[in-house]
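Trainee: I'm passing along upload-v6.txt; it holds compact mmCIF, C-alpha atoms.
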```txt
# COMPACT_ATOMS: atom_id res chain seq x y z
CA MET A 1 -31.07 -12.75 -77.78
CA ALA A 2 -27.74 -11.39 -76.57
CA ALA A 3 -26.73 -10.69 -80.17
CA VAL A 4 -29.93 -8.72 -80.76
CA LYS A 5 -29.34 -6.65 -77.61
CA GLY A 6 -25.76 -6.04 -78.65
CA LEU A 7 -26.85 -4.93 -82.11
CA SER A 8 -29.44 -2.60 -80.59
CA ARG A 9 -26.87 -1.05 -78.27
CA GLY A 10 -24.49 -0.66 -81.19
CA LYS A 11 -27.12 1.19 -83.23
CA LYS A 12 -27.90 3.49 -80.32
CA PHE A 13 -24.21 4.20 -79.86
CA LEU A 14 -23.74 4.99 -83.56
CA ARG A 15 -26.79 7.26 -83.62
CA ALA A 16 -25.52 9.12 -80.56
CA ARG A 17 -22.07 9.49 -82.12
CA VAL A 18 -23.50 10.76 -85.41
CA ARG A 19 -25.79 13.19 -83.60
CA THR A 20 -22.93 14.48 -81.47
CA GLY A 21 -20.67 14.79 -84.51
CA LEU A 22 -23.28 16.75 -86.46
CA VAL A 23 -23.79 19.18 -83.58
CA ARG A 24 -20.04 19.61 -83.20
CA SER A 25 -19.60 20.18 -86.94
CA ARG A 26 -22.46 22.69 -87.06
CA ASN A 27 -21.01 24.66 -84.17
CA SER A 28 -17.59 24.63 -85.83
CA LEU A 29 -18.75 25.81 -89.26
CA VAL A 30 -17.90 29.51 -88.84
CA PRO A 31 -14.47 28.90 -87.23
CA ALA A 32 -13.70 26.34 -89.95
CA ILE A 33 -14.50 28.88 -92.67
CA GLN A 34 -12.30 31.45 -90.92
CA MET A 35 -9.42 28.99 -90.65
CA THR A 36 -9.76 27.98 -94.31
CA VAL A 37 -9.84 31.55 -95.59
CA CYS A 38 -6.97 32.54 -93.31
CA ALA A 39 -4.73 29.62 -94.31
CA VAL A 40 -5.38 30.00 -98.05
CA GLY A 41 -5.00 33.79 -97.83
CA ALA A 42 -1.67 33.54 -95.99
CA TYR A 43 -0.40 30.97 -98.49
CA ALA A 44 -1.50 33.09 -101.47
CA PHE A 45 0.02 36.26 -100.01
CA ALA A 46 3.37 34.58 -99.40
CA GLU A 47 3.41 32.96 -102.83
CA TYR A 48 2.02 35.68 -105.11
CA ILE A 49 2.96 38.87 -103.24
CA LEU A 50 6.24 37.89 -101.60
CA GLY A 51 7.22 35.47 -104.36
CA HIS A 52 7.95 32.51 -102.10
CA SER A 53 7.82 29.03 -103.59
CA GLY A 54 5.45 26.63 -101.77
CA PRO A 55 5.05 28.69 -98.55
CA LEU A 56 3.72 25.77 -96.52
CA PHE A 57 4.65 27.37 -93.21
CA ALA A 58 2.38 30.38 -93.90
CA ALA A 59 -0.68 28.12 -94.06
CA THR A 60 0.26 25.82 -91.18
CA SER A 61 1.18 28.61 -88.77
CA SER A 62 -2.13 30.41 -89.39
CA LEU A 63 -4.09 27.19 -88.80
CA ILE A 64 -2.28 26.47 -85.55
CA ALA A 65 -2.61 30.08 -84.37
CA LEU A 66 -6.38 30.09 -84.88
CA GLY A 67 -7.24 26.53 -83.96
CA PHE A 68 -10.12 25.41 -81.74
CA SER A 69 -8.29 25.82 -78.45
CA ARG A 70 -9.68 27.93 -75.61
CA GLU A 71 -6.25 29.46 -75.00
CA PRO A 72 -5.96 33.19 -75.80
CA ARG A 73 -5.34 33.63 -79.53
CA LEU A 74 -2.85 36.46 -79.14
CA ARG A 75 -0.59 34.21 -77.10
CA ARG A 76 -0.92 31.46 -79.70
CA VAL A 77 -0.03 33.87 -82.52
CA VAL A 78 3.08 35.02 -80.68
CA GLU A 79 4.05 31.46 -79.76
CA VAL A 80 3.63 30.23 -83.32
CA GLY A 81 5.61 33.12 -84.82
CA LEU A 82 8.46 32.91 -82.33
CA GLY A 83 8.43 29.11 -82.30
CA CYS A 84 8.71 28.90 -86.07
CA THR A 85 11.40 31.57 -86.29
CA ILE A 86 13.61 30.22 -83.50
CA GLY A 87 13.04 26.63 -84.58
CA ILE A 88 14.05 27.38 -88.15
CA ALA A 89 17.12 29.28 -86.92
CA VAL A 90 18.25 26.39 -84.72
CA GLY A 91 17.63 23.85 -87.46
CA ASP A 92 19.45 25.88 -90.09
CA LEU A 93 22.49 26.47 -87.88
CA VAL A 94 22.86 22.81 -86.91
CA LEU A 95 22.26 21.77 -90.53
CA HIS A 96 25.00 24.15 -91.67
CA TRP A 97 27.49 22.76 -89.14
CA LEU A 98 26.72 19.01 -89.20
CA GLY A 99 24.81 18.25 -92.41
CA GLY A 100 21.41 16.71 -93.07
CA TYR A 101 21.76 13.25 -91.49
CA ILE A 102 19.10 11.46 -89.53
CA TRP A 103 21.08 11.65 -86.29
CA VAL A 104 21.39 15.38 -86.85
CA ALA A 105 17.58 15.59 -87.01
CA ALA A 106 17.37 13.79 -83.66
CA LEU A 107 19.95 16.14 -82.14
CA VAL A 108 18.14 19.21 -83.52
CA LEU A 109 14.83 18.02 -82.08
CA LEU A 110 16.33 17.39 -78.64
CA ILE A 111 18.08 20.77 -78.54
CA SER A 112 14.96 22.58 -79.77
CA ILE A 113 12.67 21.01 -77.16
CA LEU A 114 15.06 21.77 -74.31
CA LEU A 115 15.59 25.33 -75.59
CA ALA A 116 11.82 25.87 -75.84
CA ARG A 117 11.27 24.66 -72.27
CA PHE A 118 14.05 27.00 -71.13
CA LEU A 119 12.48 30.01 -72.88
CA ASP A 120 8.78 29.45 -72.16
CA SER A 121 6.37 26.99 -70.54
CA GLY A 122 3.83 27.16 -73.39
CA THR A 123 3.00 23.81 -74.99
CA ILE A 124 2.37 25.30 -78.42
CA PHE A 125 5.68 27.18 -78.28
CA THR A 126 7.58 23.96 -77.54
CA THR A 127 5.76 22.01 -80.24
CA GLN A 128 6.28 24.68 -82.87
CA LEU A 129 9.96 25.21 -82.11
CA GLY A 130 10.72 21.49 -82.18
CA LEU A 131 8.60 20.74 -85.26
CA GLN A 132 9.91 23.59 -87.38
CA SER A 133 13.56 22.91 -86.54
CA LEU A 134 13.04 19.26 -87.44
CA LEU A 135 11.39 20.10 -90.75
CA VAL A 136 14.26 22.44 -91.64
CA VAL A 137 16.68 19.53 -91.40
CA LEU A 138 14.45 17.06 -93.24
CA LEU A 139 13.12 19.33 -96.00
CA PRO A 140 15.24 20.99 -98.70
CA ALA A 141 15.87 24.72 -98.30
CA PRO A 142 13.66 26.97 -100.47
CA ASP A 143 15.02 29.09 -103.28
CA GLY A 144 14.81 32.28 -101.24
CA GLY A 145 17.02 30.95 -98.46
CA PRO A 146 16.27 29.18 -95.17
CA PHE A 147 14.77 32.18 -93.41
CA THR A 148 12.13 32.50 -96.09
CA ARG A 149 10.25 29.96 -93.99
CA SER A 150 10.53 32.22 -90.94
CA LEU A 151 8.89 35.02 -92.89
CA ASP A 152 6.16 32.62 -94.02
CA ALA A 153 5.47 31.74 -90.39
CA VAL A 154 5.21 35.43 -89.51
CA VAL A 155 2.80 35.97 -92.44
CA GLY A 156 0.59 33.16 -91.19
CA GLY A 157 0.61 34.59 -87.65
CA VAL A 158 -0.25 38.08 -88.90
CA PHE A 159 -3.16 36.74 -90.97
CA ALA A 160 -4.44 34.85 -87.92
CA LEU A 161 -4.23 38.01 -85.84
CA LEU A 162 -6.10 40.02 -88.48
CA VAL A 163 -8.88 37.44 -88.57
CA THR A 164 -9.11 37.60 -84.77
CA ILE A 165 -9.39 41.39 -84.84
CA LEU A 166 -11.52 41.95 -87.95
CA VAL A 167 -13.83 38.91 -87.87
CA PRO A 168 -14.11 38.04 -84.17
CA LYS A 169 -16.64 35.80 -82.52
CA ASP A 170 -18.79 37.28 -79.80
CA PRO A 171 -16.46 37.15 -76.76
CA ARG A 172 -19.42 36.81 -74.39
CA ARG A 173 -20.79 33.58 -75.83
CA GLU A 174 -18.41 30.98 -74.42
CA PRO A 175 -18.09 32.54 -70.93
CA ARG A 176 -21.88 32.66 -70.62
CA GLU A 177 -22.19 29.03 -71.68
CA ASP A 178 -19.55 28.14 -69.08
CA VAL A 179 -21.24 30.06 -66.27
CA ARG A 180 -24.55 28.40 -67.15
CA LYS A 181 -22.99 24.94 -66.76
CA LEU A 182 -21.17 25.95 -63.60
CA LEU A 183 -24.21 27.36 -61.80
CA HIS A 184 -26.35 24.43 -62.94
CA GLU A 185 -23.93 22.12 -61.16
CA LEU A 186 -24.00 24.27 -58.03
CA ALA A 187 -27.80 24.24 -57.99
CA GLU A 188 -27.80 20.46 -58.38
CA VAL A 189 -25.32 20.10 -55.50
CA LEU A 190 -27.72 22.06 -53.28
CA ARG A 191 -30.71 20.00 -54.43
CA GLU A 192 -28.86 16.75 -53.78
CA CYS A 193 -28.03 17.98 -50.27
CA ALA A 194 -31.71 18.78 -49.73
CA GLU A 195 -32.75 15.32 -50.92
CA ALA A 196 -30.10 13.75 -48.70
CA MET A 197 -31.59 15.51 -45.69
CA ILE A 198 -35.17 14.59 -46.55
CA HIS A 199 -34.26 10.90 -46.90
CA SER A 200 -31.57 10.87 -44.18
CA ASP A 201 -29.17 9.54 -46.79
CA SER A 202 -25.57 10.43 -46.00
CA THR A 203 -24.42 8.63 -49.15
CA GLN A 204 -26.36 11.07 -51.30
CA ALA A 205 -24.80 13.97 -49.39
CA TRP A 206 -21.41 12.45 -50.12
CA HIS A 207 -22.33 12.22 -53.80
CA ALA A 208 -23.18 15.93 -53.69
CA LEU A 209 -19.70 16.54 -52.26
CA ILE A 210 -18.11 14.59 -55.12
CA ARG A 211 -20.20 16.50 -57.64
CA GLY A 212 -19.02 19.76 -56.14
CA ARG A 213 -15.41 18.64 -56.35
CA ASN A 214 -15.84 17.77 -60.01
CA CYS A 215 -16.80 21.39 -60.74
CA GLN A 216 -13.25 22.70 -60.35
CA PRO A 217 -12.26 21.89 -63.97
CA LEU A 218 -15.30 23.92 -65.10
CA VAL A 219 -14.06 26.88 -63.07
CA ASP A 220 -10.57 26.60 -64.55
CA ARG A 221 -11.95 26.31 -68.07
CA MET A 222 -14.09 29.40 -67.60
CA ARG A 223 -11.12 31.40 -66.35
CA GLN A 224 -9.23 30.40 -69.50
CA THR A 225 -12.21 31.32 -71.66
CA LEU A 226 -12.50 34.73 -69.99
CA ARG A 227 -8.83 35.45 -70.71
CA ALA A 228 -9.34 34.63 -74.39
CA SER A 229 -12.56 36.65 -74.53
CA GLY A 230 -10.84 39.59 -72.87
CA GLU A 231 -8.23 39.57 -75.63
CA VAL A 232 -10.91 39.59 -78.32
CA ALA A 233 -12.80 42.42 -76.62
CA THR A 234 -9.58 44.43 -76.33
CA LEU A 235 -8.40 43.90 -79.92
CA ALA A 236 -11.69 43.91 -81.84
CA PRO A 237 -13.26 47.39 -82.15
CA ALA A 238 -16.75 45.90 -82.53
CA TYR A 239 -16.62 44.30 -79.07
CA ARG A 240 -14.67 46.79 -76.96
CA ARG A 241 -17.91 47.96 -75.38
CA HIS A 242 -18.25 44.51 -73.76
CA ARG A 243 -15.01 44.74 -71.76
CA GLU A 244 -16.77 45.94 -68.61
CA GLU A 245 -19.39 43.23 -68.94
CA LEU A 246 -16.67 40.56 -69.18
CA ALA A 247 -14.89 42.10 -66.19
CA ASP A 248 -18.12 41.86 -64.16
CA LEU A 249 -18.53 38.24 -65.22
CA GLU A 250 -14.97 37.48 -64.13
CA LYS A 251 -15.67 39.11 -60.77
CA SER A 252 -18.81 36.98 -60.39
CA LEU A 253 -16.78 33.88 -61.23
CA ASP A 254 -14.51 34.54 -58.26
CA PHE A 255 -17.51 34.49 -55.92
CA ILE A 256 -19.03 31.45 -57.66
CA ASP A 257 -15.75 29.63 -57.14
CA LEU A 258 -15.88 30.49 -53.44
CA ALA A 259 -19.52 29.37 -53.26
CA LEU A 260 -18.60 26.02 -54.80
CA ARG A 261 -15.77 25.56 -52.33
CA ASN A 262 -18.12 26.38 -49.44
CA SER A 263 -20.72 23.99 -50.86
CA ARG A 264 -18.17 21.19 -50.62
CA VAL A 265 -17.42 22.06 -46.99
CA PHE A 266 -21.16 22.20 -46.30
CA ALA A 267 -21.86 18.84 -47.97
CA ARG A 268 -19.06 17.16 -46.03
CA ARG A 269 -20.39 18.48 -42.71
CA LEU A 270 -23.93 17.55 -43.72
CA THR A 271 -22.79 13.95 -44.26
CA SER A 272 -21.59 13.82 -40.67
CA ALA A 273 -24.74 15.49 -39.32
CA ILE A 274 -26.94 12.92 -41.08
CA ASN A 275 -24.85 10.01 -39.81
CA HIS A 276 -25.12 11.28 -36.24
CA ALA A 277 -28.81 12.20 -36.47
CA ALA A 278 -27.93 15.71 -35.32
CA LEU A 279 -31.05 17.36 -36.74
CA THR A 280 -34.66 17.09 -35.63
CA ASP A 281 -37.43 16.56 -38.16
CA GLU A 282 -38.38 20.24 -37.98
CA ALA A 283 -34.78 21.34 -38.52
CA THR A 284 -34.41 18.92 -41.40
CA ASP A 285 -37.52 20.25 -43.10
CA ASN A 286 -36.44 23.86 -42.60
CA ILE A 287 -32.85 23.43 -43.83
CA SER A 288 -33.91 21.33 -46.81
CA GLU A 289 -36.41 24.05 -47.71
CA VAL A 290 -33.61 26.64 -47.48
CA LEU A 291 -31.47 24.52 -49.80
CA GLN A 292 -34.27 24.14 -52.35
CA GLU A 293 -35.02 27.86 -52.32
CA THR A 294 -31.33 28.68 -52.68
CA ALA A 295 -31.09 26.32 -55.65
CA ALA A 296 -34.06 28.09 -57.27
CA ALA A 297 -32.35 31.46 -56.68
CA VAL A 298 -29.18 30.07 -58.26
CA ASP A 299 -31.26 29.13 -61.32
CA GLU A 300 -32.39 32.76 -61.52
CA LEU A 301 -28.79 33.89 -61.10
CA THR A 302 -27.83 31.56 -63.96
CA VAL A 303 -30.30 33.26 -66.27
CA GLY A 304 -29.07 36.67 -65.20
CA LEU A 305 -25.37 36.00 -65.73
CA SER A 306 -25.89 34.18 -69.05
CA GLU A 307 -28.32 36.74 -70.53
CA LEU A 308 -26.95 38.83 -73.42
CA ASN A 309 -29.56 41.59 -73.25
CA ASP A 310 -28.45 44.19 -70.72
CA GLY A 311 -31.94 45.07 -69.47
CA ALA A 312 -33.03 41.45 -69.06
CA ARG A 313 -29.76 40.60 -67.35
CA ARG A 314 -30.19 43.33 -64.76
CA ALA A 315 -33.80 42.29 -64.13
CA HIS A 316 -32.90 38.64 -63.52
CA LEU A 317 -29.97 39.57 -61.29
CA ARG A 318 -32.26 41.83 -59.27
CA VAL A 319 -34.74 38.98 -58.79
CA ALA A 320 -31.91 36.62 -57.84
CA ARG A 321 -30.68 39.09 -55.21
CA GLN A 322 -34.18 39.41 -53.79
CA GLU A 323 -34.65 35.64 -53.56
CA LEU A 324 -31.21 35.12 -52.02
CA THR A 325 -31.86 37.94 -49.54
CA LEU A 326 -35.09 36.29 -48.37
CA VAL A 327 -33.28 33.00 -47.82
CA GLY A 328 -30.26 34.62 -46.21
CA SER A 329 -32.40 36.49 -43.67
CA ARG A 330 -33.46 33.10 -42.21
CA LEU A 331 -29.97 31.66 -41.72
CA HIS A 332 -29.92 31.52 -37.94
CA PRO A 333 -29.99 28.21 -36.05
CA ARG A 334 -32.90 29.30 -33.86
CA MET A 335 -34.98 30.42 -36.84
CA LEU A 336 -34.51 26.98 -38.38
CA ASP A 337 -35.29 25.06 -35.15
CA VAL A 338 -31.69 23.85 -34.83
CA HIS A 339 -30.56 23.32 -31.23
CA ARG A 340 -27.70 20.79 -31.23
CA LEU A 341 -24.12 21.93 -31.80
CA GLU A 342 -23.49 19.77 -34.87
CA GLY A 343 -26.71 20.97 -36.46
CA GLU A 344 -25.76 24.57 -35.71
CA THR A 345 -22.45 23.97 -37.51
CA VAL A 346 -24.37 23.00 -40.65
CA VAL A 347 -26.25 26.30 -40.59
CA MET A 348 -23.11 28.31 -39.83
CA LEU A 349 -21.28 26.75 -42.77
CA PHE A 350 -24.10 27.73 -45.12
CA ARG A 351 -23.89 31.42 -44.22
CA PRO A 352 -20.61 32.20 -46.08
CA LEU A 353 -21.96 30.34 -49.12
CA MET A 354 -24.97 32.66 -49.13
CA VAL A 355 -22.71 35.72 -48.91
CA ASP A 356 -20.71 34.43 -51.89
CA LEU A 357 -23.88 34.03 -53.95
CA LEU A 358 -25.13 37.50 -53.03
CA GLU A 359 -21.81 39.00 -54.11
CA ALA A 360 -21.89 36.96 -57.32
CA SER A 361 -25.24 38.57 -58.08
CA GLY A 362 -23.66 42.02 -57.80
CA MET A 363 -24.29 42.95 -54.16
CA GLU A 364 -21.57 44.79 -52.26
CA PRO A 365 -19.72 42.75 -49.57
CA GLU A 366 -20.94 44.82 -46.62
CA GLU A 367 -24.52 44.71 -47.84
CA ALA A 368 -24.32 40.95 -48.44
CA ARG A 369 -23.05 40.29 -44.93
CA ALA A 370 -25.73 42.56 -43.48
CA VAL A 371 -28.42 40.28 -44.99
CA LEU A 372 -27.55 37.52 -42.51
CA PRO A 373 -29.28 37.73 -39.12
CA PRO A 374 -26.86 38.60 -36.29
CA LEU A 375 -25.77 35.70 -34.11
```
For this file, write the structure as structure tokens.
Mentor:
Amino acid sequence: MAAVKGLSRGKKFLRARVRTGLVRSRNSLVPAIQMTVCAVGAYAFAEYILGHSGPLFAATSSLIALGFSREPRLRRVVEVGLGCTIGIAVGDLVLHWLGGYIWVAALVLLISILLARFLDSGTIFTTQLGLQSLLVVLLPAPDGGPFTRSLDAVVGGVFALLVTILVPKDPRREPREDVRKLLHELAEVLRECAEAMIHSDSTQAWHALIRGRNCQPLVDRMRQTLRASGEVATLAPAYRRHREELADLEKSLDFIDLALRNSRVFARRLTSAINHAALTDEATDNISEVLQETAAAVDELTVGLSELNDGARRAHLRVARQELTLVGSRLHPRMLDVHRLEGETVVMLFRPLMVDLLEASGMEPEEARAVLPPL
């Protein structure tokens, strides 16, 4: 019986892995074609146009510069070009002085890594400088001289940059996918807090706090994605018109980050309020209703910020502002039947979160603060 269950679990695992792999491969098809064309084109250019024999570094540098990383491509291109050139220079100099022994290769690698860390903190820069200097010692010099390989690396970087400029991906796609995931998590944190209040379950409120804390890597990843997308929108003529849109999304991300931080503070205080039974049944019902309505408004905000069509985006953001305004106008302890000090603290901690969400939807700071009822 146990063997049958194990076999069934194994089949499910394999099916899930295959399904995930197919989705990942399908999503990577266009970048894979770009990388293939770029690498082969750089190799062919270096070999047939420049006359270099076996220009391996042209192909490898273009592949590394493009890659699947979320880091800005322009930085990668510069890091790859400089890393290859400096690494080859270091390797060639040490090879000229000491010869091509194995201990020389170890010395070259150590010097290259330390030099790379001295010059720049970039991981790709360090890897490229160390790898290329090591290969210079281990591989025979080409017919055109050692610095032929430096030129090959530059060719590969230039081809990667041309692909980035001439055949770019839509710079809005990844940031909008990121903001959709981020706001989904925020909405779920609010819903978990509402459920925790309804069931007087402080453990569930604590789980909402943990979920909110786990959102920080999503924020950091989106910031990195926005930097890369900003580069594409700046370099690619076809997408320069989206620079303002990306700037607005980056501005919204700042307020979403603040809202997430405030949600963590709110969830922590809510845990204490539940443990101390600081809220009456009426207050619990009212605050949980506020949380549910705010989560629904965040869902609308998600659609607005992730929408590509300009008209639809503005319409959804307008609806989100209206819904958030209705909720924000009720955020006063007396309006929510809250009378004890600890319960009032819960309401007071939710007010800055509401302001953050209103600003994320595009409302001006003064207008967002004016939505809240005076204390």
Trainee: Taking (-8.1, 32.0, -92.9) in the coordinates of the supplied file, I want to know which residues reach to within 10 Å of it, counting all atoms listed in the file; could you give the answer as an mmCIF file with C-alpha atoms, in the coordinates of the input?
Mentor:
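After the write, point_7.cif holds the following:
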```
data_model
loop_
_atom_site.group_PDB
_atom_site.id
_atom_site.type_symbol
_atom_site.label_atom_id
_atom_site.label_comp_id
_atom_site.auth_asym_id
_atom_site.auth_seq_id
_atom_site.Cartn_x
_atom_site.Cartn_y
_atom_site.Cartn_z
ATOM 1 C CA PRO A 31 -14.470 28.900 -87.230
ATOM 2 C CA ALA A 32 -13.700 26.340 -89.950
ATOM 3 C CA ILE A 33 -14.500 28.880 -92.670
ATOM 4 C CA GLN A 34 -12.300 31.450 -90.920
ATOM 5 C CA MET A 35 -9.420 28.990 -90.650
ATOM 6 C CA THR A 36 -9.760 27.980 -94.310
ATOM 7 C CA VAL A 37 -9.840 31.550 -95.590
ATOM 8 C CA CYS A 38 -6.970 32.540 -93.310
ATOM 9 C CA ALA A 39 -4.730 29.620 -94.310
ATOM 10 C CA VAL A 40 -5.380 30.000 -98.050
ATOM 11 C CA GLY A 41 -5.000 33.790 -97.830
ATOM 12 C CA ALA A 42 -1.670 33.540 -95.990
ATOM 13 C CA TYR A 43 -0.400 30.970 -98.490
ATOM 14 C CA ALA A 59 -0.680 28.120 -94.060
ATOM 15 C CA SER A 62 -2.130 30.410 -89.390
ATOM 16 C CA LEU A 63 -4.090 27.190 -88.800
ATOM 17 C CA LEU A 66 -6.380 30.090 -84.880
ATOM 18 C CA GLY A 156 0.590 33.160 -91.190
ATOM 19 C CA PHE A 159 -3.160 36.740 -90.970
ATOM 20 C CA ALA A 160 -4.440 34.850 -87.920
ATOM 21 C CA LEU A 162 -6.100 40.020 -88.480
ATOM 22 C CA VAL A 163 -8.880 37.440 -88.570
ATOM 23 C CA THR A 164 -9.110 37.600 -84.770
#
```
Trainee: For each of A:Val338, A:Ser150, A:Leu138, A:Leu161, take the minimum atom-to-atom distance to Tyr101 of chain A, counting only C-alpha atoms, then give the residue where this is smallest.
Mentor: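 Nearest candidate to Tyr101 of chain A out of A:Val338, A:Ser150, A:Leu138, A:Leu161: A:Leu138.
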Trainee: So that all listed atoms of segment 257-268 of chain A fit with 5 Å spare on each side, what axis-aligned box centre and edge lengths in Å, to one decimal, would you give as lines of an AutoDock Vina configuration file?
Mentor:
```
center_x = -18.8
center_y = 23.8
center_z = -51.6
size_x = 16.1
size_y = 23.3
size_z = 21.1
```
Trainee: For Leu182 of chain A, list every protein, DNA or RNA residue within 7 Å, evaluated using all atoms listed in the file, and leave out those in the same chain fewer than 3 positions away; present the list as a list in words.
Mentor: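 The filter keeps Asp178, Val179, Glu185, Leu186, Cys215 and Leu218 of chain A.
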Trainee: Suppose we keep C-alpha atoms; can you now write the selection as a CSV table (one decimal), keeping the file's coordinate frame?
Mentor:
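Final file, selection-v2.csv:
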```csv
chain,number,residue,atom,x,y,z
A,178,ASP,CA,-19.6,28.1,-69.1
A,179,VAL,CA,-21.2,30.1,-66.3
A,185,GLU,CA,-23.9,22.1,-61.2
A,186,LEU,CA,-24.0,24.3,-58.0
A,215,CYS,CA,-16.8,21.4,-60.7
A,218,LEU,CA,-15.3,23.9,-65.1
```
Trainee: Contacts of segment 270-280 of chain A at 10 Å or less, counting all atoms listed in the file, minus same-chain residues fewer than 2 places along, as an MDAnalysis selection string?
Mentor: chainID A and resid 193:194 196:197 199:209 264:268 282:287 337:347 349
Trainee: Rank A:Arg173, A:Arg223, A:Arg351, A:Arg24 by their smallest atom-to-atom distance to Ser263 of chain A, using all atoms listed in the file, and report the top residue only.
Mentor: A:Arg351
Trainee: In Å, with one decimal, what is the gap from atom CA of Lys169 of chain A to atom CA of Pro55 of chain A?
Mentor: 27.9 Å
Trainee: Taking only C-alpha atoms into account, name the residue in A:Gln292, A:Ser112, A:Thr148, A:Thr123 that is nearest to Ala46 of chain A.
Mentor: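 Of all the options, A:Thr148 lies closest to Ala46 of chain A.
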